[in-house]
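Below is protein.pdb, holding PDB, C-alpha atoms.
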ATOM      1  CA  MET A 209       0.000   0.000   0.000
ATOM      2  CA  GLN A 210       1.269   3.451  -0.926
ATOM      3  CA  LEU A 211      -0.080   6.706   0.445
ATOM      4  CA  LEU A 212      -1.121   9.341  -2.069
ATOM      5  CA  ASP A 213       0.544  12.278  -0.338
ATOM      6  CA  GLY A 214      -1.308  15.456  -1.297
ATOM      7  CA  LEU A 215       1.018  17.629   0.756
ATOM      8  CA  LEU A 216       4.041  16.337  -1.135
ATOM      9  CA  VAL A 217       2.469  16.666  -4.575
ATOM     10  CA  SER A 218       1.041  20.125  -3.903
ATOM     11  CA  LYS A 219       4.413  21.332  -2.617
ATOM     12  CA  SER A 220       6.046  20.182  -5.843
ATOM     13  CA  ILE A 221       3.446  21.963  -7.985
ATOM     14  CA  LYS A 222       3.668  25.190  -5.970
ATOM     15  CA  THR A 223       7.464  25.131  -6.195
ATOM     16  CA  ASP A 224       7.156  24.857  -9.978
ATOM     17  CA  LEU A 225       4.635  27.705 -10.070
ATOM     18  CA  LEU A 226       6.920  29.860  -7.910
ATOM     19  CA  SER A 227       9.759  29.395 -10.409
ATOM     20  CA  LYS A 228       7.455  30.449 -13.245
ATOM     21  CA  VAL A 229       6.177  33.459 -11.314
ATOM     22  CA  ARG A 230       9.725  34.620 -10.598
ATOM     23  CA  LEU A 231      10.514  34.498 -14.296
ATOM     24  CA  VAL A 232       7.558  36.696 -15.228
ATOM     25  CA  THR A 233       8.100  39.175 -12.385
ATOM     26  CA  GLU A 234      11.806  39.464 -13.206
ATOM     27  CA  SER A 235      10.756  40.428 -16.729
ATOM     28  CA  GLY A 236       8.785  43.335 -15.294
ATOM     29  CA  ARG A 237       5.298  41.839 -15.240
ATOM     30  CA  ARG A 238       3.135  41.682 -12.148
ATOM     31  CA  ALA A 239       2.498  38.388 -10.366
ATOM     32  CA  PRO A 240      -0.792  36.469 -10.744
ATOM     33  CA  HIS A 241      -3.483  37.815  -8.433
ATOM     34  CA  LEU A 242      -6.223  35.755  -6.783
ATOM     35  CA  ALA A 243      -9.035  37.331  -4.778
ATOM     36  CA  ALA A 244     -11.354  35.591  -2.323
ATOM     37  CA  VAL A 245     -14.698  36.762  -0.997
ATOM     38  CA  LEU A 246     -15.645  35.459   2.438
ATOM     39  CA  VAL A 247     -19.069  36.181   3.911
ATOM     40  CA  GLY A 248     -19.672  35.608   7.609
ATOM     41  CA  ASP A 249     -17.570  33.805  10.193
ATOM     42  CA  ASN A 250     -17.969  30.130   9.389
ATOM     43  CA  PRO A 251     -14.834  28.528  10.948
ATOM     44  CA  ALA A 252     -14.425  25.944   8.180
ATOM     45  CA  SER A 253     -14.749  28.581   5.450
ATOM     46  CA  ALA A 254     -12.291  30.861   7.252
ATOM     47  CA  SER A 255      -9.823  27.972   7.491
ATOM     48  CA  TYR A 256     -10.153  27.173   3.783
ATOM     49  CA  ILE A 257      -9.547  30.817   2.858
ATOM     50  CA  LYS A 258      -6.520  30.975   5.157
ATOM     51  CA  ASN A 259      -5.011  27.968   3.393
ATOM     52  CA  LYS A 260      -5.671  29.501  -0.001
ATOM     53  CA  ILE A 261      -3.988  32.774   0.956
ATOM     54  CA  LYS A 262      -1.024  30.848   2.362
ATOM     55  CA  SER A 263      -0.733  28.880  -0.873
ATOM     56  CA  CYS A 264      -0.780  32.098  -2.878
ATOM     57  CA  ALA A 265       2.231  33.337  -0.908
ATOM     58  CA  GLU A 266       4.035  30.020  -1.399
ATOM     59  CA  ALA A 267       3.506  30.212  -5.159
ATOM     60  CA  GLY A 268       4.518  33.871  -5.358
ATOM     61  CA  TYR A 269       0.998  35.098  -6.120
ATOM     62  CA  GLU A 270      -0.671  38.250  -4.934
ATOM     63  CA  SER A 271      -3.871  37.696  -2.976
ATOM     64  CA  THR A 272      -6.750  39.803  -1.735
ATOM     65  CA  LEU A 273      -9.301  38.832   0.887
ATOM     66  CA  ILE A 274     -12.651  40.602   0.933
ATOM     67  CA  HIS A 275     -14.355  39.663   4.201
ATOM     68  CA  LYS A 276     -17.913  40.849   4.734
ATOM     69  CA  PRO A 277     -20.368  40.224   7.598
ATOM     70  CA  SER A 278     -23.165  37.695   7.202
ATOM     71  CA  THR A 279     -25.640  40.592   7.170
ATOM     72  CA  ILE A 280     -24.474  41.747   3.735
ATOM     73  CA  THR A 281     -27.335  41.864   1.233
ATOM     74  CA  GLU A 282     -27.363  39.936  -2.014
ATOM     75  CA  SER A 283     -27.293  43.165  -4.018
ATOM     76  CA  GLU A 284     -24.269  44.415  -2.056
ATOM     77  CA  LEU A 285     -22.444  41.157  -2.722
ATOM     78  CA  LEU A 286     -23.305  41.384  -6.421
ATOM     79  CA  GLU A 287     -21.743  44.856  -6.508
ATOM     80  CA  ILE A 288     -18.501  43.393  -5.119
ATOM     81  CA  ILE A 289     -18.509  40.685  -7.785
ATOM     82  CA  LEU A 290     -19.116  43.234 -10.542
ATOM     83  CA  ALA A 291     -16.144  45.268  -9.301
ATOM     84  CA  LEU A 292     -13.926  42.153  -9.300
ATOM     85  CA  ASN A 293     -15.105  41.244 -12.800
ATOM     86  CA  GLU A 294     -14.018  44.658 -14.048
ATOM     87  CA  ASN A 295     -10.710  44.859 -12.147
ATOM     88  CA  ASP A 296      -7.899  44.111 -14.604
ATOM     89  CA  GLU A 297      -5.458  43.578 -11.722
ATOM     90  CA  ILE A 298      -7.454  40.570 -10.473
ATOM     91  CA  ASP A 299      -6.912  37.469 -12.628
ATOM     92  CA  GLY A 300      -9.396  35.230 -10.873
ATOM     93  CA  PHE A 301     -11.553  35.130  -7.776
ATOM     94  CA  ILE A 302     -13.676  32.819  -5.702
ATOM     95  CA  VAL A 303     -16.716  33.307  -3.524
ATOM     96  CA  GLN A 304     -16.414  30.923  -0.597
ATOM     97  CA  LEU A 305     -19.449  28.712  -0.082
ATOM     98  CA  PRO A 306     -21.736  28.241   1.757
ATOM     99  CA  LEU A 307     -23.310  31.682   1.781
ATOM    100  CA  PRO A 308     -25.917  32.903   4.291
ATOM    101  CA  ARG A 309     -29.427  31.627   3.633
ATOM    102  CA  HIS A 310     -30.743  34.984   2.440
ATOM    103  CA  ILE A 311     -28.266  34.942  -0.469
ATOM    104  CA  ASN A 312     -28.878  32.649  -3.449
ATOM    105  CA  ASP A 313     -25.704  30.714  -4.281
ATOM    106  CA  GLN A 314     -26.631  30.294  -7.943
ATOM    107  CA  THR A 315     -27.371  33.990  -8.399
ATOM    108  CA  ILE A 316     -23.911  34.798  -7.096
ATOM    109  CA  LEU A 317     -22.090  32.131  -9.116
ATOM    110  CA  LEU A 318     -23.855  33.179 -12.312
ATOM    111  CA  ALA A 319     -22.684  36.762 -11.761
ATOM    112  CA  ILE A 320     -18.998  35.779 -11.866
ATOM    113  CA  ASP A 321     -17.274  36.414 -15.184
ATOM    114  CA  PRO A 322     -16.509  32.905 -16.583
ATOM    115  CA  LYS A 323     -13.037  34.169 -17.523
ATOM    116  CA  LYS A 324     -12.311  34.776 -13.831
ATOM    117  CA  ASP A 325     -14.197  31.769 -12.488
ATOM    118  CA  VAL A 326     -11.165  29.881 -11.179
ATOM    119  CA  ASP A 327     -13.424  27.694  -9.025
ATOM    120  CA  GLY A 328     -14.851  26.290 -12.266
ATOM    121  CA  PHE A 329     -18.470  26.447 -11.091
ATOM    122  CA  HIS A 330     -19.989  28.761 -13.726
ATOM    123  CA  PRO A 331     -22.243  26.945 -16.248
ATOM    124  CA  MET A 332     -20.056  28.279 -19.058
ATOM    125  CA  ASN A 333     -17.030  26.438 -17.666
ATOM    126  CA  VAL A 334     -19.025  23.351 -16.748
ATOM    127  CA  GLY A 335     -20.459  23.174 -20.274
ATOM    128  CA  ARG A 336     -17.051  23.611 -21.886
ATOM    129  CA  MET A 337     -15.654  20.866 -19.670
ATOM    130  CA  VAL A 338     -18.467  18.469 -20.611
ATOM    131  CA  ILE A 339     -17.872  18.821 -24.362
ATOM    132  CA  GLY A 340     -14.094  18.781 -24.033
ATOM    133  CA  LEU A 341     -13.285  22.439 -24.659
ATOM    134  CA  PRO A 342     -10.624  24.212 -22.570
ATOM    135  CA  SER A 343     -12.187  25.320 -19.298
ATOM    136  CA  TYR A 344     -11.509  25.984 -15.643
ATOM    137  CA  VAL A 345     -12.036  22.598 -14.014
ATOM    138  CA  PRO A 346     -13.477  22.559 -10.470
ATOM    139  CA  ALA A 347     -10.562  22.528  -8.059
ATOM    140  CA  THR A 348     -11.122  19.207  -6.276
ATOM    141  CA  PRO A 349     -11.553  17.123  -9.465
ATOM    142  CA  LEU A 350      -8.534  18.872 -11.002
ATOM    143  CA  GLY A 351      -6.519  18.160  -7.866
ATOM    144  CA  ILE A 352      -7.489  14.490  -8.077
ATOM    145  CA  LEU A 353      -6.359  14.302 -11.707
ATOM    146  CA  LYS A 354      -3.031  15.945 -10.861
ATOM    147  CA  MET A 355      -2.473  13.433  -8.063
ATOM    148  CA  ILE A 356      -3.241  10.506 -10.377
ATOM    149  CA  GLU A 357      -0.776  11.943 -12.907
ATOM    150  CA  HIS A 358       1.952  12.441 -10.316
ATOM    151  CA  TYR A 359       1.799   8.834  -9.140
ATOM    152  CA  LYS A 360       1.320   7.543 -12.713
ATOM    153  CA  ILE A 361      -1.733   5.520 -11.714
ATOM    154  CA  PRO A 362      -3.201   3.801 -14.787
ATOM    155  CA  THR A 363      -6.775   4.721 -15.710
ATOM    156  CA  ASP A 364      -7.108   3.426 -19.277
ATOM    157  CA  GLY A 365      -9.834   0.792 -19.336
ATOM    158  CA  LYS A 366     -10.121   0.750 -15.545
ATOM    159  CA  LYS A 367     -13.413   0.492 -13.690
ATOM    160  CA  VAL A 368     -13.907   3.612 -11.580
ATOM    161  CA  VAL A 369     -16.741   4.069  -9.094
ATOM    162  CA  VAL A 370     -17.514   7.602  -7.937
ATOM    163  CA  LEU A 371     -19.553   7.869  -4.746
ATOM    164  CA  GLY A 372     -21.501  11.130  -4.690
ATOM    165  CA  ARG A 373     -23.036  13.212  -7.472
ATOM    166  CA  SER A 374     -22.404  16.792  -6.370
ATOM    167  CA  ASN A 375     -21.664  19.467  -8.966
ATOM    168  CA  ILE A 376     -18.475  20.282  -7.070
ATOM    169  CA  VAL A 377     -16.796  16.840  -7.063
ATOM    170  CA  GLY A 378     -18.715  13.707  -8.046
ATOM    171  CA  THR A 379     -20.305  14.700 -11.333
ATOM    172  CA  PRO A 380     -17.313  16.576 -12.822
ATOM    173  CA  VAL A 381     -14.724  13.955 -11.832
ATOM    174  CA  SER A 382     -16.879  11.220 -13.360
ATOM    175  CA  ILE A 383     -16.955  13.143 -16.636
ATOM    176  CA  LEU A 384     -13.232  13.906 -16.607
ATOM    177  CA  LEU A 385     -12.148  10.314 -16.005
ATOM    178  CA  SER A 386     -14.381   9.029 -18.809
ATOM    179  CA  ARG A 387     -12.909  11.410 -21.409
ATOM    180  CA  LYS A 388     -10.241  10.468 -23.919
ATOM    181  CA  GLY A 389      -6.645  10.908 -22.787
ATOM    182  CA  TYR A 390      -4.857  10.539 -19.477
ATOM    183  CA  PRO A 391      -6.055  10.534 -16.784
ATOM    184  CA  GLY A 392      -9.150   9.181 -18.487
ATOM    185  CA  ASN A 393     -10.429   6.441 -20.769
ATOM    186  CA  ALA A 394     -11.946   4.816 -17.686
ATOM    187  CA  THR A 395     -15.327   3.138 -17.442
ATOM    188  CA  VAL A 396     -17.003   5.238 -14.781
ATOM    189  CA  THR A 397     -20.024   4.393 -12.640
ATOM    190  CA  LEU A 398     -21.559   7.237 -10.642
ATOM    191  CA  CYS A 399     -23.240   5.959  -7.466
ATOM    192  CA  HIS A 400     -25.328   7.876  -4.948
ATOM    193  CA  SER A 401     -27.868   7.554  -2.141
ATOM    194  CA  ARG A 402     -30.445   5.908  -4.414
ATOM    195  CA  THR A 403     -28.064   3.341  -5.910
ATOM    196  CA  VAL A 404     -29.290  -0.221  -5.338
ATOM    197  CA  GLY A 405     -26.596  -2.774  -4.507
ATOM    198  CA  LEU A 406     -23.901  -0.134  -4.143
ATOM    199  CA  ALA A 407     -21.369  -2.522  -2.596
ATOM    200  CA  ASP A 408     -21.552  -4.718  -5.698
ATOM    201  CA  TYR A 409     -20.270  -1.788  -7.732
ATOM    202  CA  THR A 410     -17.496  -0.844  -5.325
ATOM    203  CA  ARG A 411     -16.232  -4.433  -4.996
ATOM    204  CA  ALA A 412     -15.748  -4.566  -8.772
ATOM    205  CA  ALA A 413     -13.955  -1.213  -8.954
ATOM    206  CA  ASP A 414     -10.292  -0.704  -9.722
ATOM    207  CA  MET A 415     -10.604   2.798  -8.292
ATOM    208  CA  ILE A 416     -13.085   4.308  -5.838
ATOM    209  CA  ILE A 417     -13.490   8.055  -5.418
ATOM    210  CA  ALA A 418     -15.490   8.683  -2.254
ATOM    211  CA  ALA A 419     -17.157  12.099  -2.085
ATOM    212  CA  LEU A 420     -20.251  11.520   0.023
ATOM    213  CA  GLY A 421     -19.519  13.438   3.205
ATOM    214  CA  ALA A 422     -20.383  10.336   5.239
ATOM    215  CA  THR A 423     -17.947   9.297   7.960
ATOM    216  CA  HIS A 424     -16.249   5.926   7.309
ATOM    217  CA  PHE A 425     -18.910   4.941   4.773
ATOM    218  CA  VAL A 426     -16.568   2.762   2.703
ATOM    219  CA  LYS A 427     -15.770  -0.400   4.659
ATOM    220  CA  GLU A 428     -13.178  -3.111   4.088
ATOM    221  CA  ASP A 429     -15.705  -5.565   2.648
ATOM    222  CA  MET A 430     -16.699  -3.016  -0.025
ATOM    223  CA  VAL A 431     -13.221  -2.891  -1.552
ATOM    224  CA  LYS A 432     -11.348  -5.427  -3.652
ATOM    225  CA  GLU A 433      -7.661  -6.259  -3.232
ATOM    226  CA  GLY A 434      -5.369  -3.790  -4.988
ATOM    227  CA  ALA A 435      -7.958  -1.054  -5.490
ATOM    228  CA  VAL A 436      -7.016   2.627  -5.618
ATOM    229  CA  ILE A 437      -8.932   4.683  -3.037
ATOM    230  CA  ILE A 438      -9.279   8.459  -3.281
ATOM    231  CA  ASP A 439     -11.074   9.840  -0.240
ATOM    232  CA  VAL A 440     -12.561  13.305  -0.691
ATOM    233  CA  GLY A 441     -14.497  13.221   2.591
ATOM    234  CA  MET A 442     -13.689  15.679   5.349
ATOM    235  CA  ASN A 443     -15.688  14.815   8.453
ATOM    236  CA  SER A 444     -15.093  15.587  12.117
ATOM    237  CA  LEU A 445     -15.204  13.068  14.948
ATOM    238  CA  PRO A 446     -15.135  14.042  18.658
ATOM    239  CA  ASP A 447     -11.698  13.437  20.155
ATOM    240  CA  VAL A 448     -10.845  14.655  23.645
ATOM    241  CA  ASN A 449      -7.162  13.977  22.995
ATOM    242  CA  THR A 450      -6.876  16.784  20.445
ATOM    243  CA  ARG A 451      -6.582  20.525  21.076
ATOM    244  CA  LYS A 452      -9.732  21.290  19.096
ATOM    245  CA  GLY A 453     -11.707  18.443  20.630
ATOM    246  CA  TYR A 454     -12.191  16.664  17.322
ATOM    247  CA  ARG A 455     -10.221  15.011  14.533
ATOM    248  CA  LEU A 456     -10.757  14.922  10.800
ATOM    249  CA  VAL A 457     -11.611  11.656   9.066
ATOM    250  CA  GLY A 458     -12.729  10.738   5.584
ATOM    251  CA  ASP A 459     -15.545   8.817   3.930
ATOM    252  CA  VAL A 460     -13.348   5.702   3.992
ATOM    253  CA  ASP A 461     -12.607   3.528   7.022
ATOM    254  CA  PHE A 462      -8.894   4.116   6.459
ATOM    255  CA  GLU A 463      -7.523   1.894   9.221
ATOM    256  CA  ASN A 464      -9.233  -1.226   7.879
ATOM    257  CA  VAL A 465      -9.396  -0.426   4.167
ATOM    258  CA  ALA A 466      -5.781   0.685   3.646
ATOM    259  CA  GLN A 467      -4.355  -2.814   4.013
ATOM    260  CA  LYS A 468      -6.247  -3.945   0.895
ATOM    261  CA  CYS A 469      -5.290  -1.023  -1.357
ATOM    262  CA  SER A 470      -2.516  -0.394  -3.839
ATOM    263  CA  TYR A 471      -2.886   3.369  -3.267
ATOM    264  CA  ILE A 472      -4.967   5.385  -0.814
ATOM    265  CA  THR A 473      -5.258   9.037   0.218
ATOM    266  CA  PRO A 474      -5.031   9.961   3.899
ATOM    267  CA  VAL A 475      -7.423  12.389   5.564
ATOM    268  CA  PRO A 476      -6.206  14.986   6.193
ATOM    269  CA  GLY A 477      -3.223  15.417   3.887
ATOM    270  CA  GLY A 478      -4.599  13.838   0.741
ATOM    271  CA  VAL A 479      -7.125  15.526  -1.535
ATOM    272  CA  GLY A 480      -7.427  18.714   0.570
ATOM    273  CA  PRO A 481      -3.999  20.197  -0.268
ATOM    274  CA  MET A 482      -4.506  19.249  -3.918
ATOM    275  CA  THR A 483      -7.778  21.191  -4.067
ATOM    276  CA  VAL A 484      -6.038  24.394  -2.989
ATOM    277  CA  CYS A 485      -3.147  23.679  -5.347
ATOM    278  CA  ALA A 486      -5.552  23.220  -8.274
ATOM    279  CA  LEU A 487      -6.938  26.681  -7.582
ATOM    280  CA  MET A 488      -3.398  28.010  -8.073
ATOM    281  CA  ILE A 489      -3.193  26.206 -11.420
ATOM    282  CA  ASN A 490      -6.492  27.717 -12.595
ATOM    283  CA  THR A 491      -5.328  31.174 -11.519
ATOM    284  CA  TRP A 492      -2.120  30.728 -13.507
ATOM    285  CA  ASP A 493      -4.232  29.901 -16.584
ATOM    286  CA  ALA A 494      -6.409  32.943 -15.925
ATOM    287  CA  TYR A 495      -3.306  35.132 -15.647
ATOM    288  CA  HIS A 496      -2.124  33.930 -19.064
ATOM    289  CA  HIS A 497      -5.623  33.936 -20.634
ATOM    290  CA  THR A 498      -5.041  30.288 -21.543
ATOM    291  CA  ILE A 499      -8.696  29.239 -21.524
ATOM    292  CA  TYR A 500     -10.498  32.103 -23.210
ATOM    293  CA  GLY A 501      -7.637  33.855 -25.013
TER     294      GLY A 501
END

Transcribe the structure of this file into structure tokens.
Amino acid sequence: MQLLDGLLVSKSIKTDLLSKVRLVTESGRRAPHLAAVLVGDNPASASYIKNKIKSCAEAGYESTLIHKPSTITESELLEIILALNENDEIDGFIVQLPLPRHINDQTILLAIDPKKDVDGFHPMNVGRMVIGLPSYVPATPLGILKMIEHYKIPTDGKKVVVLGRSNIVGTPVSILLSRKGYPGNATVTLCHSRTVGLADYTRAADMIIAALGATHFVKEDMVKEGAVIIDVGMNSLPDVNTRKGYRLVGDVDFENVAQKCSYITPVPGGVGPMTVCALMINTWDAYHHTIYG
């Protein structure tokens, strides 16, 4: 069994990006610039944004945080997005989800200029991804692909089961792995809460991507010998032995499943760092106008 070390892979990618950024700044150009909009004081969201800002610094990027109270109105937030759309010094930006209940997520995401949508959530980018045109790919699926590439895990002709059908992870990664090329050319089955006989699918899978948000859902008897396990779950369990009073675990029962796998991601330290790293990659493409010219 080999761990898929997201921290190691992301560090390598950020080091490469830093070298590229130094070359462009030494030539007199500005560095890539990523902005993040945070609404409210959700601890998890604040932590994610902190990691993204830290990664920007590590890659040599400029970053801007726009932090607004949860009482901000939808129209006020839309004004901020319009300003970011029109700011030529900002290459890409994200609006951290979830938003307060009085703000419609889709209204906000639709307002983002697709050319600056480095989260890859705008329908324009999703549509381009589906038909194989250049697009900003959602960060977690892109991070998964980069990890597969780094470890040279074969996907051609493999049976892949994706658990979870969200627009953020499950659906896009299922599309990406079924496309021509590498990583791709896999036979992908997308399973979800209404799937009948789910364990029959997972036991036949060469690779399982678990993105359900269900603690330790994938058990040892659901996995065949030699399978590749990519755990996207990020769940908290009470733990009095930790400073915060809880510990993070995935959707996979790591302790019992790992012994059967050829490769497996830890939680934390697996997919999480790759998600942030993928955002840096999308911002680099936005900086160079790679997707839309």

Self-check item: Within 6 Å of range 396-399 of chain A using only C-alpha atoms, minus same-chain residues under 2 positions, as a ChimeraX atom specification
Solution: /A:368-371,394,403

Keeping only C-alpha atoms, write the selected residues to a file as a PDB file, in the frame of the given file.
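Printed below is result_2.pdb as written:
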ATOM      1  CA  VAL A 368     -13.907   3.612 -11.580  1.00  0.00           C
ATOM      2  CA  VAL A 369     -16.741   4.069  -9.094  1.00  0.00           C
ATOM      3  CA  VAL A 370     -17.514   7.602  -7.937  1.00  0.00           C
ATOM      4  CA  LEU A 371     -19.553   7.869  -4.746  1.00  0.00           C
ATOM      5  CA  ALA A 394     -11.946   4.816 -17.686  1.00  0.00           C
ATOM      6  CA  THR A 403     -28.064   3.341  -5.910  1.00  0.00           C
TER       7      THR A 403
END

Exercise. Might you pull out every residue within 12 Å of Glu463 in chain A, with all atoms listed in the file counted and same-chain residues fewer than 5 positions away left off, and present them as a PyMOL selection string?
Key: chain A and resi 424+426-428+457-458+468-469+472-475

Practice problem: Please write as an MDAnalysis selection string the full residue list that the PyMOL selection byres ((chain A and resi 293) around 12) yields on this file. | Solution: chainID A and resid 243 286:292 294:302 318:325

Output for the residues just chosen: C-alpha atoms as a PDB file, in the coordinates of the input:
ATOM      1  CA  ALA A 243      -9.035  37.331  -4.778  1.00  0.00           C
ATOM      2  CA  LEU A 286     -23.305  41.384  -6.421  1.00  0.00           C
ATOM      3  CA  GLU A 287     -21.743  44.856  -6.508  1.00  0.00           C
ATOM      4  CA  ILE A 288     -18.501  43.393  -5.119  1.00  0.00           C
ATOM      5  CA  ILE A 289     -18.509  40.685  -7.785  1.00  0.00           C
ATOM      6  CA  LEU A 290     -19.116  43.234 -10.542  1.00  0.00           C
ATOM      7  CA  ALA A 291     -16.144  45.268  -9.301  1.00  0.00           C
ATOM      8  CA  LEU A 292     -13.926  42.153  -9.300  1.00  0.00           C
ATOM      9  CA  GLU A 294     -14.018  44.658 -14.048  1.00  0.00           C
ATOM     10  CA  ASN A 295     -10.710  44.859 -12.147  1.00  0.00           C
ATOM     11  CA  ASP A 296      -7.899  44.111 -14.604  1.00  0.00           C
ATOM     12  CA  GLU A 297      -5.458  43.578 -11.722  1.00  0.00           C
ATOM     13  CA  ILE A 298      -7.454  40.570 -10.473  1.00  0.00           C
ATOM     14  CA  ASP A 299      -6.912  37.469 -12.628  1.00  0.00           C
ATOM     15  CA  GLY A 300      -9.396  35.230 -10.873  1.00  0.00           C
ATOM     16  CA  PHE A 301     -11.553  35.130  -7.776  1.00  0.00           C
ATOM     17  CA  ILE A 302     -13.676  32.819  -5.702  1.00  0.00           C
ATOM     18  CA  LEU A 318     -23.855  33.179 -12.312  1.00  0.00           C
ATOM     19  CA  ALA A 319     -22.684  36.762 -11.761  1.00  0.00           C
ATOM     20  CA  ILE A 320     -18.998  35.779 -11.866  1.00  0.00           C
ATOM     21  CA  ASP A 321     -17.274  36.414 -15.184  1.00  0.00           C
ATOM     22  CA  PRO A 322     -16.509  32.905 -16.583  1.00  0.00           C
ATOM     23  CA  LYS A 323     -13.037  34.169 -17.523  1.00  0.00           C
ATOM     24  CA  LYS A 324     -12.311  34.776 -13.831  1.00  0.00           C
ATOM     25  CA  ASP A 325     -14.197  31.769 -12.488  1.00  0.00           C
TER      26      ASP A 325
END

Practice problem: Identify, on the basis of all atoms listed in the file, every residue whose closest approach to range 235-240 of chain A does not exceed 10 Å; exclude the query and any residue fewer than 3 positions from it along the same chain; express the result as a ChimeraX atom specification. | Solution: /A:226,228-232,264,267-271,297-300,488,491-496

Quiz item: Applied to the shown file, which residues does the PyMOL selection byres ((chain A and resi 342-357) around 7) return, written as a PyMOL selection string?
Solution: chain A and resi 217+326-329+333+336-337+340-341+358-361+376-377+380-381+391+479+482-483+485-487+490+499

Output C-alpha atoms of each residue in that selection to a file, as a JSON list (two decimals), in the frame of the given file.
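Result saved to out-v8.json:
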[["chain", "number", "residue", "atom", "x", "y", "z"],
["A", 217, "VAL", "CA", 2.47, 16.67, -4.58],
["A", 326, "VAL", "CA", -11.16, 29.88, -11.18],
["A", 327, "ASP", "CA", -13.42, 27.69, -9.02],
["A", 328, "GLY", "CA", -14.85, 26.29, -12.27],
["A", 329, "PHE", "CA", -18.47, 26.45, -11.09],
["A", 333, "ASN", "CA", -17.03, 26.44, -17.67],
["A", 336, "ARG", "CA", -17.05, 23.61, -21.89],
["A", 337, "MET", "CA", -15.65, 20.87, -19.67],
["A", 340, "GLY", "CA", -14.09, 18.78, -24.03],
["A", 341, "LEU", "CA", -13.28, 22.44, -24.66],
["A", 358, "HIS", "CA", 1.95, 12.44, -10.32],
["A", 359, "TYR", "CA", 1.80, 8.83, -9.14],
["A", 360, "LYS", "CA", 1.32, 7.54, -12.71],
["A", 361, "ILE", "CA", -1.73, 5.52, -11.71],
["A", 376, "ILE", "CA", -18.48, 20.28, -7.07],
["A", 377, "VAL", "CA", -16.80, 16.84, -7.06],
["A", 380, "PRO", "CA", -17.31, 16.58, -12.82],
["A", 381, "VAL", "CA", -14.72, 13.96, -11.83],
["A", 391, "PRO", "CA", -6.06, 10.53, -16.78],
["A", 479, "VAL", "CA", -7.12, 15.53, -1.54],
["A", 482, "MET", "CA", -4.51, 19.25, -3.92],
["A", 483, "THR", "CA", -7.78, 21.19, -4.07],
["A", 485, "CYS", "CA", -3.15, 23.68, -5.35],
["A", 486, "ALA", "CA", -5.55, 23.22, -8.27],
["A", 487, "LEU", "CA", -6.94, 26.68, -7.58],
["A", 490, "ASN", "CA", -6.49, 27.72, -12.60],
["A", 499, "ILE", "CA", -8.70, 29.24, -21.52]]

Self-check item: Cut-off 9 Å around (-6.1, 31.2, 0.0) with all atoms listed in the file: residues as a list in words
Solution: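 Taken together, the residues in range are Leu242, Ala243, Ala244, Ser255, Tyr256, Ile257, Lys258, Asn259, Lys260, Ile261, Lys262, Ser263, Cys264, Ala265, Ser271, Thr272, Leu273, Val484 and Leu487 of chain A.
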
Quiz item: So how far away is CA of Met442 in chain A from CA of Pro277 in chain A, in Å?
Solution: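 That distance, rounded to one decimal, is 25.5 Å.
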
Practice problem: On this file, the PyMOL selection byres ((chain A and resi 411-422) around 7) gives some set of residues; write that set as a list of chain:residue names. | Solution: A:Lys366, A:Lys367, A:Val368, A:Val369, A:Val370, A:Leu371, A:Gly372, A:Val377, A:Gly378, A:Ala407, A:Asp408, A:Tyr409, A:Thr410, A:Thr423, A:His424, A:Phe425, A:Met430, A:Val431, A:Lys432, A:Ala435, A:Val436, A:Ile437, A:Ile438, A:Asp439, A:Val440, A:Gly441, A:Met442, A:Asn443, A:Asp459

Exercise. Report the distance between CA of Asp224 in chain A and CA of Met332 in chain A in Å, rounded to one decimal place.
Key: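 Taking CA of Asp224 in chain A and CA of Met332 in chain A, their separation equals 28.9 Å.
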
Exercise. Measure the distance from CA of Gly477 in chain A to CA of Pro362 in chain A in Å and round it to one decimal.
Key: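 Calculated distance between CA of Gly477 in chain A and CA of Pro362 in chain A is 22.0 Å.
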
Give, as AutoDock Vina command-line options, the centre coordinates and the x, y and z edge lengths in Å to one decimal for an axis-aligned box around all listed atoms of range 491-499 of chain A, padded by 3 Å on each side.
--center_x -5.4 --center_y 32.2 --center_z -16.5 --size_x 12.6 --size_y 11.9 --size_z 16.0

Would you mind listing what lies within 10 Å of Asp364 in chain A as an mmCIF file with C-alpha atoms, in the coordinates of the input, with all atoms listed in the file counted and same-chain residues fewer than 4 positions away left out?
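out_16.cif was written with the following content:
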data_model
loop_
_atom_site.group_PDB
_atom_site.id
_atom_site.type_symbol
_atom_site.label_atom_id
_atom_site.label_comp_id
_atom_site.auth_asym_id
_atom_site.auth_seq_id
_atom_site.Cartn_x
_atom_site.Cartn_y
_atom_site.Cartn_z
ATOM 1 C CA LEU A 385 -12.148 10.314 -16.005
ATOM 2 C CA SER A 386 -14.381 9.029 -18.809
ATOM 3 C CA LYS A 388 -10.241 10.468 -23.919
ATOM 4 C CA GLY A 389 -6.645 10.908 -22.787
ATOM 5 C CA TYR A 390 -4.857 10.539 -19.477
ATOM 6 C CA PRO A 391 -6.055 10.534 -16.784
ATOM 7 C CA GLY A 392 -9.150 9.181 -18.487
ATOM 8 C CA ASN A 393 -10.429 6.441 -20.769
ATOM 9 C CA ALA A 394 -11.946 4.816 -17.686
ATOM 10 C CA THR A 395 -15.327 3.138 -17.442
#

Practice problem: Please return, as a VMD selection string, all polymer residues that have at least one atom within 7 Å of the point (-15.7, 39.1, 1.5); use all atoms listed in the file and the file's own coordinate frame. | Solution: chain A and resid 244 to 247 273 to 276
